[in-house]
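Input: a single structure, listed below in structure tokens.
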Amino acid sequence: MRLLRLPGLIILILLTAFGFFWGGFALWYQLPLDLPGVTGGVIVWGLIGLVVLWLEVTGRVRRALIVLIPVMAALLFWWSTITPSLNRIWADDVAQTVTGTLVGNHVTLANVRNFEWRSQTDYTPRWEVRSYDLENLASVDVFLSYWSSTAIAHTLVSFGFNNGDQVVFSAEIRKKRHEQFSEIGGFFKQFELAMIAADERDIIRLRSNIRKEDVYRYRVNLTPEMRQALFLSYLDTGNRLSKQAQFYNTVTANCTTVIFDMIRAITPGVPLDYRVVLSGYLPGYLYDLGAIDRSRPLEAEIEAASINQRAMDADKAEDFTARIRADN
């Protein structure tokens, strides 16, 4: 009988350890206290976890459950009360989010970001209203921006029109003022999700020239109908997020998964793939689907997609958009 109970006890111990480990991070990122208060709360939580685990390991499971069940129930209840908000003191670059209206084939976007960046902390804010004719929507480009790991990249989608206009949509964390991005915090309701529309000289140049990230551009093969449907999906998502706050999540609701969800709504047969989460490998996924150029090997396509040198050469030029596409 003891041998039969052993697997169950091991599972209970593992679940308990995970629950207290997860709860410690949840308290660290969400307790509404100053640093000493948060630190003290996490320490107390950890001590409770050690006591419960000690009771389980020593075979006193009933006593352990008397503590474990109400403590975890209280934690989950508290966690359920933490809801996203539209009203915080936001960082300047996400102070506004895009909204839009559609009349016939004509789209008007409000709050299109067009900042003049001199450094990450020195900039001139500009939010503009811009109009587009979907009949003239001619291209879709995916930009990937890498800042540390080759497995993770920020994904941006740029729509090009026959008159030379480009507008970039980017699903981003909505940081509060003076707040820094944290991949771990993204699992624990630290950030809301924002849809930003921006000029390429703002949002692409910020990454390539100001932040010195490695930026790549890939032309995506879509039919005119799919290009328009994807654009309108971004429009709908922007309008929804402007009225109904949603938390960002590092895995389930990030810059790439938002795109994937919209594409699957247009073409339901698109397969799920680990490279949607590990977005740094997205070019290989698009290549396998035939969504980007396959006339050359993937490695050559990735090498040709790099825009950093062209972006540095163009810098603040009015034709930045054209110059980052030259000879590519």
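Convention: chains lettered A, B, ... in structure tokens order; per-chain residue numbering from 1; ligands numbered from 1 as shown.
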Residues of segment 185-273 of chain A classed as strand (DSSP E) by DSSP on the backbone are to be reported as a PDB file with N, CA and C atoms, in the first residue's frame.
```pdb
ATOM      1  N   GLU A 192       0.141  45.553 -19.363  1.00  0.00           N
ATOM      2  CA  GLU A 192      -0.976  45.438 -20.278  1.00  0.00           C
ATOM      3  C   GLU A 192      -0.442  45.281 -21.708  1.00  0.00           C
ATOM      4  N   LEU A 193      -1.339  44.885 -22.610  1.00  0.00           N
ATOM      5  CA  LEU A 193      -1.013  44.738 -24.025  1.00  0.00           C
ATOM      6  C   LEU A 193      -1.525  45.958 -24.776  1.00  0.00           C
ATOM      7  N   ALA A 194      -0.686  46.510 -25.645  1.00  0.00           N
ATOM      8  CA  ALA A 194      -1.071  47.693 -26.415  1.00  0.00           C
ATOM      9  C   ALA A 194      -0.847  47.441 -27.892  1.00  0.00           C
ATOM     10  N   MET A 195      -1.711  47.995 -28.730  1.00  0.00           N
ATOM     11  CA  MET A 195      -1.488  47.971 -30.173  1.00  0.00           C
ATOM     12  C   MET A 195      -1.033  49.357 -30.594  1.00  0.00           C
ATOM     13  N   ILE A 196       0.175  49.412 -31.147  1.00  0.00           N
ATOM     14  CA  ILE A 196       0.760  50.665 -31.591  1.00  0.00           C
ATOM     15  C   ILE A 196       0.824  50.663 -33.113  1.00  0.00           C
ATOM     16  N   ALA A 197       0.435  51.770 -33.732  1.00  0.00           N
ATOM     17  CA  ALA A 197       0.676  51.995 -35.156  1.00  0.00           C
ATOM     18  C   ALA A 197       1.678  53.129 -35.259  1.00  0.00           C
ATOM     19  N   ALA A 198       2.649  52.986 -36.161  1.00  0.00           N
ATOM     20  CA  ALA A 198       3.726  53.976 -36.201  1.00  0.00           C
ATOM     21  C   ALA A 198       4.313  54.109 -37.588  1.00  0.00           C
ATOM     22  N   ASP A 214      19.345  44.179 -33.705  1.00  0.00           N
ATOM     23  CA  ASP A 214      19.528  43.597 -35.029  1.00  0.00           C
ATOM     24  C   ASP A 214      18.154  43.419 -35.671  1.00  0.00           C
ATOM     25  N   VAL A 215      17.932  44.122 -36.776  1.00  0.00           N
ATOM     26  CA  VAL A 215      16.602  44.170 -37.384  1.00  0.00           C
ATOM     27  C   VAL A 215      16.641  43.547 -38.778  1.00  0.00           C
ATOM     28  N   TYR A 216      15.628  42.723 -39.070  1.00  0.00           N
ATOM     29  CA  TYR A 216      15.520  42.027 -40.350  1.00  0.00           C
ATOM     30  C   TYR A 216      14.129  42.273 -40.935  1.00  0.00           C
ATOM     31  N   ARG A 217      14.078  42.358 -42.268  1.00  0.00           N
ATOM     32  CA  ARG A 217      12.795  42.575 -42.956  1.00  0.00           C
ATOM     33  C   ARG A 217      12.531  41.442 -43.943  1.00  0.00           C
ATOM     34  N   TYR A 218      11.309  40.916 -43.914  1.00  0.00           N
ATOM     35  CA  TYR A 218      10.906  39.836 -44.815  1.00  0.00           C
ATOM     36  C   TYR A 218       9.602  40.226 -45.506  1.00  0.00           C
ATOM     37  N   ARG A 219       9.588  40.184 -46.828  1.00  0.00           N
ATOM     38  CA  ARG A 219       8.358  40.406 -47.578  1.00  0.00           C
ATOM     39  C   ARG A 219       7.503  39.148 -47.510  1.00  0.00           C
TER      40      ARG A 219
END
```
Non-local contacts of Leu289 of chain A (12 Å; only C-alpha atoms; under 6 positions in same chain excluded) as a list in words: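 So the residues in contact are Val220, Asn221, Leu222, Gly269, Val270, Pro271, Leu272, Asp273, Leu282 and Pro283 of chain A.
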Since we have the selection now, will you write its residues out, keeping C-alpha atoms, as a tab-separated table (two decimals), in the first residue's frame?
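New file out-v5.tsv:
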```tsv
chain	number	residue	atom	x	y	z
A	220	VAL	CA	5.34	38.18	-46.91
A	221	ASN	CA	3.49	36.57	-49.82
A	222	LEU	CA	-0.21	37.32	-49.32
A	269	GLY	CA	-5.43	25.89	-41.70
A	270	VAL	CA	-2.16	27.58	-40.66
A	271	PRO	CA	-0.41	25.10	-38.33
A	272	LEU	CA	0.69	25.90	-34.80
A	273	ASP	CA	4.45	25.72	-34.35
A	282	LEU	CA	9.98	32.76	-37.18
A	283	PRO	CA	11.81	33.14	-40.54
```
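Shortest atom-to-atom contact with Leu76 of chain A among A:Ile43, A:Ile48, A:Ala26, A:Val277: A:Ala26, counting only C-alpha atoms.
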DSSP-assigned helix (DSSP H, G or I) among segment 40-271 of chain A, expressed as a ChimeraX atom specification: /A:40-57,61-80,92-94,134-136,185-187,200-210,224-243,255-266
Prev. selection, C-alpha atoms, output as an mmCIF file, in the first residue's frame:
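Once everything was written out, this is result.cif:
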```cif
data_model
loop_
_atom_site.group_PDB
_atom_site.id
_atom_site.type_symbol
_atom_site.label_atom_id
_atom_site.label_comp_id
_atom_site.auth_asym_id
_atom_site.auth_seq_id
_atom_site.Cartn_x
_atom_site.Cartn_y
_atom_site.Cartn_z
ATOM 1 C CA GLY A 40 8.861 40.298 3.717
ATOM 2 C CA GLY A 41 5.726 38.899 2.131
ATOM 3 C CA VAL A 42 7.702 36.603 -0.168
ATOM 4 C CA ILE A 43 9.853 35.395 2.739
ATOM 5 C CA VAL A 44 6.756 34.539 4.806
ATOM 6 C CA TRP A 45 5.252 32.777 1.783
ATOM 7 C CA GLY A 46 8.433 30.775 1.328
ATOM 8 C CA LEU A 47 8.492 29.734 4.990
ATOM 9 C CA ILE A 48 4.893 28.520 4.749
ATOM 10 C CA GLY A 49 5.868 26.546 1.655
ATOM 11 C CA LEU A 50 8.816 24.925 3.429
ATOM 12 C CA VAL A 51 6.605 23.917 6.351
ATOM 13 C CA VAL A 52 4.005 22.354 4.034
ATOM 14 C CA LEU A 53 6.667 20.489 2.071
ATOM 15 C CA TRP A 54 8.283 19.238 5.300
ATOM 16 C CA LEU A 55 4.922 17.893 6.483
ATOM 17 C CA GLU A 56 4.411 16.127 3.147
ATOM 18 C CA VAL A 57 7.895 14.638 3.034
ATOM 19 C CA VAL A 61 -0.130 14.699 4.436
ATOM 20 C CA ARG A 62 -3.410 15.478 6.188
ATOM 21 C CA ARG A 63 -1.794 18.241 8.246
ATOM 22 C CA ALA A 64 -0.072 19.542 5.142
ATOM 23 C CA LEU A 65 -3.379 19.755 3.271
ATOM 24 C CA ILE A 66 -5.004 21.633 6.164
ATOM 25 C CA VAL A 67 -2.487 24.408 5.508
ATOM 26 C CA LEU A 68 -2.044 23.999 1.758
ATOM 27 C CA ILE A 69 -5.654 24.123 0.591
ATOM 28 C CA PRO A 70 -6.778 27.381 2.251
ATOM 29 C CA VAL A 71 -3.467 29.116 1.512
ATOM 30 C CA MET A 72 -3.610 28.250 -2.201
ATOM 31 C CA ALA A 73 -7.318 29.094 -2.379
ATOM 32 C CA ALA A 74 -6.591 32.522 -0.890
ATOM 33 C CA LEU A 75 -3.724 33.066 -3.341
ATOM 34 C CA LEU A 76 -5.843 32.157 -6.363
ATOM 35 C CA PHE A 77 -8.737 34.328 -5.185
ATOM 36 C CA TRP A 78 -6.373 37.289 -4.753
ATOM 37 C CA TRP A 79 -4.845 36.593 -8.180
ATOM 38 C CA SER A 80 -8.296 36.637 -9.795
ATOM 39 C CA ASP A 92 5.349 58.346 -23.415
ATOM 40 C CA ASP A 93 5.860 55.909 -26.313
ATOM 41 C CA VAL A 94 2.737 53.919 -25.359
ATOM 42 C CA LEU A 134 -7.187 49.689 -48.844
ATOM 43 C CA GLU A 135 -7.552 49.357 -52.608
ATOM 44 C CA ASN A 136 -3.961 50.636 -52.801
ATOM 45 C CA GLY A 185 7.141 39.844 -15.155
ATOM 46 C CA GLY A 186 5.323 39.187 -18.415
ATOM 47 C CA PHE A 187 4.090 35.904 -16.940
ATOM 48 C CA GLU A 200 8.764 53.307 -40.016
ATOM 49 C CA ARG A 201 11.166 56.181 -39.328
ATOM 50 C CA ASP A 202 9.934 56.027 -35.754
ATOM 51 C CA ILE A 203 9.446 52.414 -34.787
ATOM 52 C CA ILE A 204 11.995 50.692 -37.045
ATOM 53 C CA ARG A 205 14.710 53.342 -36.727
ATOM 54 C CA LEU A 206 14.240 53.311 -32.934
ATOM 55 C CA ARG A 207 15.260 49.669 -32.877
ATOM 56 C CA SER A 208 17.991 49.656 -35.515
ATOM 57 C CA ASN A 209 19.644 53.044 -34.964
ATOM 58 C CA ILE A 210 18.828 54.085 -31.401
ATOM 59 C CA PRO A 224 -4.684 41.252 -51.904
ATOM 60 C CA GLU A 225 -7.680 39.872 -50.014
ATOM 61 C CA MET A 226 -5.474 38.471 -47.249
ATOM 62 C CA ARG A 227 -3.493 41.733 -46.982
ATOM 63 C CA GLN A 228 -6.682 43.698 -46.495
ATOM 64 C CA ALA A 229 -8.108 41.167 -44.039
ATOM 65 C CA LEU A 230 -4.902 41.264 -41.963
ATOM 66 C CA PHE A 231 -4.899 45.071 -41.936
ATOM 67 C CA LEU A 232 -8.518 45.117 -40.763
ATOM 68 C CA SER A 233 -7.681 42.533 -38.091
ATOM 69 C CA TYR A 234 -5.097 44.939 -36.702
ATOM 70 C CA LEU A 235 -7.675 47.711 -36.860
ATOM 71 C CA ASP A 236 -10.206 45.606 -34.943
ATOM 72 C CA THR A 237 -7.599 44.561 -32.367
ATOM 73 C CA GLY A 238 -6.518 48.171 -31.838
ATOM 74 C CA ASN A 239 -10.109 49.310 -31.355
ATOM 75 C CA ARG A 240 -10.786 46.459 -28.937
ATOM 76 C CA LEU A 241 -7.673 47.045 -26.836
ATOM 77 C CA SER A 242 -8.464 50.762 -26.625
ATOM 78 C CA LYS A 243 -11.738 49.908 -24.879
ATOM 79 C CA CYS A 255 3.819 40.401 -30.283
ATOM 80 C CA THR A 256 4.006 37.201 -32.345
ATOM 81 C CA THR A 257 1.074 35.235 -30.940
ATOM 82 C CA VAL A 258 -1.209 38.211 -31.590
ATOM 83 C CA ILE A 259 -0.189 38.113 -35.265
ATOM 84 C CA PHE A 260 -0.605 34.337 -35.411
ATOM 85 C CA ASP A 261 -4.099 34.516 -33.914
ATOM 86 C CA MET A 262 -5.141 37.060 -36.516
ATOM 87 C CA ILE A 263 -3.680 35.066 -39.409
ATOM 88 C CA ARG A 264 -5.413 31.898 -38.211
ATOM 89 C CA ALA A 265 -8.694 33.809 -38.173
ATOM 90 C CA ILE A 266 -8.101 34.582 -41.863
#
```
Nearby residues (only C-alpha atoms) at most 8 Å from Phe161 of chain A, same-chain spacing under 4 positions excluded, as a list of chain:residue names: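 Residues meeting the cut-off are A:Asn136, A:Leu137, A:Ala138, A:Ser139, A:Asp165, A:Gln166.
For Leu298 of chain A, the residues within 12 Å (counting only C-alpha atoms, excluding itself and residues fewer than 6 positions away along the chain) are Tyr218, Tyr281, Leu282, Pro283, Gly284, Tyr285, Leu286, Tyr287, Asp288, Gly290, Ile292, Ala304 and Ala305 of chain A.
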Keeping only all heavy atoms, take the residues you just selected and write them out as an mmCIF file, in the first residue's frame.
```cif
data_model
loop_
_atom_site.group_PDB
_atom_site.id
_atom_site.type_symbol
_atom_site.label_atom_id
_atom_site.label_comp_id
_atom_site.auth_asym_id
_atom_site.auth_seq_id
_atom_site.Cartn_x
_atom_site.Cartn_y
_atom_site.Cartn_z
ATOM 1 N N TYR A 218 11.309 40.916 -43.914
ATOM 2 C CA TYR A 218 10.906 39.836 -44.815
ATOM 3 C C TYR A 218 9.602 40.226 -45.506
ATOM 4 O O TYR A 218 8.613 40.550 -44.834
ATOM 5 C CB TYR A 218 10.699 38.528 -44.046
ATOM 6 C CG TYR A 218 11.934 38.058 -43.314
ATOM 7 C CD1 TYR A 218 12.173 38.462 -41.994
ATOM 8 C CD2 TYR A 218 12.865 37.223 -43.929
ATOM 9 C CE1 TYR A 218 13.310 38.042 -41.310
ATOM 10 C CE2 TYR A 218 13.997 36.796 -43.256
ATOM 11 C CZ TYR A 218 14.209 37.211 -41.950
ATOM 12 O OH TYR A 218 15.342 36.808 -41.280
ATOM 13 N N TYR A 281 12.963 32.393 -34.323
ATOM 14 C CA TYR A 281 13.040 31.383 -35.376
ATOM 15 C C TYR A 281 11.884 31.495 -36.372
ATOM 16 O O TYR A 281 11.690 30.598 -37.206
ATOM 17 C CB TYR A 281 13.039 29.982 -34.757
ATOM 18 C CG TYR A 281 14.167 29.765 -33.769
ATOM 19 C CD1 TYR A 281 13.917 29.263 -32.498
ATOM 20 C CD2 TYR A 281 15.485 30.069 -34.103
ATOM 21 C CE1 TYR A 281 14.943 29.064 -31.584
ATOM 22 C CE2 TYR A 281 16.516 29.882 -33.202
ATOM 23 C CZ TYR A 281 16.244 29.377 -31.940
ATOM 24 O OH TYR A 281 17.264 29.198 -31.044
ATOM 25 N N LEU A 282 11.138 32.582 -36.296
ATOM 26 C CA LEU A 282 9.978 32.756 -37.175
ATOM 27 C C LEU A 282 10.332 32.709 -38.666
ATOM 28 O O LEU A 282 9.534 32.184 -39.460
ATOM 29 C CB LEU A 282 9.272 34.072 -36.841
ATOM 30 C CG LEU A 282 7.909 34.306 -37.484
ATOM 31 C CD1 LEU A 282 6.904 33.257 -37.038
ATOM 32 C CD2 LEU A 282 7.399 35.707 -37.161
ATOM 33 N N PRO A 283 11.496 33.230 -39.100
ATOM 34 C CA PRO A 283 11.808 33.136 -40.537
ATOM 35 C C PRO A 283 11.778 31.707 -41.074
ATOM 36 O O PRO A 283 11.295 31.469 -42.189
ATOM 37 C CB PRO A 283 13.213 33.733 -40.635
ATOM 38 C CG PRO A 283 13.276 34.690 -39.491
ATOM 39 C CD PRO A 283 12.495 34.032 -38.387
ATOM 40 N N GLY A 284 12.277 30.743 -40.274
ATOM 41 C CA GLY A 284 12.241 29.353 -40.721
ATOM 42 C C GLY A 284 10.820 28.845 -40.870
ATOM 43 O O GLY A 284 10.512 28.083 -41.805
ATOM 44 N N TYR A 285 9.945 29.257 -39.978
ATOM 45 C CA TYR A 285 8.534 28.869 -40.049
ATOM 46 C C TYR A 285 7.883 29.456 -41.301
ATOM 47 O O TYR A 285 7.206 28.748 -42.068
ATOM 48 C CB TYR A 285 7.826 29.352 -38.789
ATOM 49 C CG TYR A 285 6.352 29.053 -38.720
ATOM 50 C CD1 TYR A 285 5.867 27.749 -38.798
ATOM 51 C CD2 TYR A 285 5.427 30.078 -38.545
ATOM 52 C CE1 TYR A 285 4.506 27.473 -38.722
ATOM 53 C CE2 TYR A 285 4.068 29.824 -38.464
ATOM 54 C CZ TYR A 285 3.617 28.518 -38.558
ATOM 55 O OH TYR A 285 2.269 28.256 -38.479
ATOM 56 N N LEU A 286 8.114 30.756 -41.544
ATOM 57 C CA LEU A 286 7.549 31.396 -42.733
ATOM 58 C C LEU A 286 8.120 30.783 -44.007
ATOM 59 O O LEU A 286 7.406 30.624 -45.003
ATOM 60 C CB LEU A 286 7.831 32.903 -42.686
ATOM 61 C CG LEU A 286 7.201 33.681 -41.531
ATOM 62 C CD1 LEU A 286 7.665 35.137 -41.550
ATOM 63 C CD2 LEU A 286 5.683 33.608 -41.575
ATOM 64 N N TYR A 287 9.388 30.432 -43.969
ATOM 65 C CA TYR A 287 10.041 29.818 -45.125
ATOM 66 C C TYR A 287 9.420 28.455 -45.432
ATOM 67 O O TYR A 287 9.130 28.139 -46.587
ATOM 68 C CB TYR A 287 11.531 29.670 -44.829
ATOM 69 C CG TYR A 287 12.388 29.246 -45.998
ATOM 70 C CD1 TYR A 287 12.913 30.188 -46.881
ATOM 71 C CD2 TYR A 287 12.706 27.908 -46.210
ATOM 72 C CE1 TYR A 287 13.718 29.808 -47.952
ATOM 73 C CE2 TYR A 287 13.507 27.507 -47.275
ATOM 74 C CZ TYR A 287 14.008 28.466 -48.144
ATOM 75 O OH TYR A 287 14.802 28.078 -49.193
ATOM 76 N N ASP A 288 9.202 27.659 -44.389
ATOM 77 C CA ASP A 288 8.601 26.336 -44.581
ATOM 78 C C ASP A 288 7.187 26.441 -45.136
ATOM 79 O O ASP A 288 6.745 25.570 -45.904
ATOM 80 C CB ASP A 288 8.582 25.566 -43.258
ATOM 81 C CG ASP A 288 9.975 25.157 -42.795
ATOM 82 O OD1 ASP A 288 10.918 25.203 -43.623
ATOM 83 O OD2 ASP A 288 10.121 24.800 -41.602
ATOM 84 N N GLY A 290 6.214 28.724 -47.147
ATOM 85 C CA GLY A 290 6.235 29.394 -48.439
ATOM 86 C C GLY A 290 5.729 30.818 -48.366
ATOM 87 O O GLY A 290 5.369 31.417 -49.392
ATOM 88 N N ILE A 292 7.518 33.441 -47.374
ATOM 89 C CA ILE A 292 8.565 34.367 -47.780
ATOM 90 C C ILE A 292 9.337 33.739 -48.942
ATOM 91 O O ILE A 292 9.124 32.568 -49.280
ATOM 92 C CB ILE A 292 9.516 34.733 -46.623
ATOM 93 C CG1 ILE A 292 10.220 33.475 -46.070
ATOM 94 C CG2 ILE A 292 8.746 35.445 -45.512
ATOM 95 C CD1 ILE A 292 11.237 33.789 -44.981
ATOM 96 N N ALA A 304 20.233 38.301 -46.277
ATOM 97 C CA ALA A 304 19.783 39.408 -47.127
ATOM 98 C C ALA A 304 18.745 40.285 -46.442
ATOM 99 O O ALA A 304 18.565 41.456 -46.816
ATOM 100 C CB ALA A 304 19.214 38.863 -48.437
ATOM 101 N N ALA A 305 18.074 39.739 -45.440
ATOM 102 C CA ALA A 305 16.992 40.472 -44.773
ATOM 103 C C ALA A 305 17.485 41.524 -43.793
ATOM 104 O O ALA A 305 16.719 42.398 -43.380
ATOM 105 C CB ALA A 305 16.075 39.490 -44.040
#
```
One-decimal distance in Å that lies between atom CA of Ser158 of chain A and atom CA of Ser170 of chain A: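 Going from atom CA of Ser170 of chain A over to atom CA of Ser158 of chain A, I get 8.8 Å.
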From A:Ser145, A:Asn111, A:Asn87, A:Thr252, residue lying nearest Ser306 of chain A [only C-alpha atoms]: A:Ser145
Distance of atom CA of Ala253 of chain A from atom CA of Lys175 of chain A, expressed in Å to one decimal place: 15.2 Å
Between atom CA of Ala91 of chain A and atom CA of Arg174 of chain A - distance in Å to one decimal: 7.6 Å
Best match for closeness to Gly59 of chain A among A:Arg5, A:Val112, A:Trp90, A:Gln30, counting only C-alpha atoms: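 With only C-alpha atoms as the atom set, the closest residue is A:Arg5.
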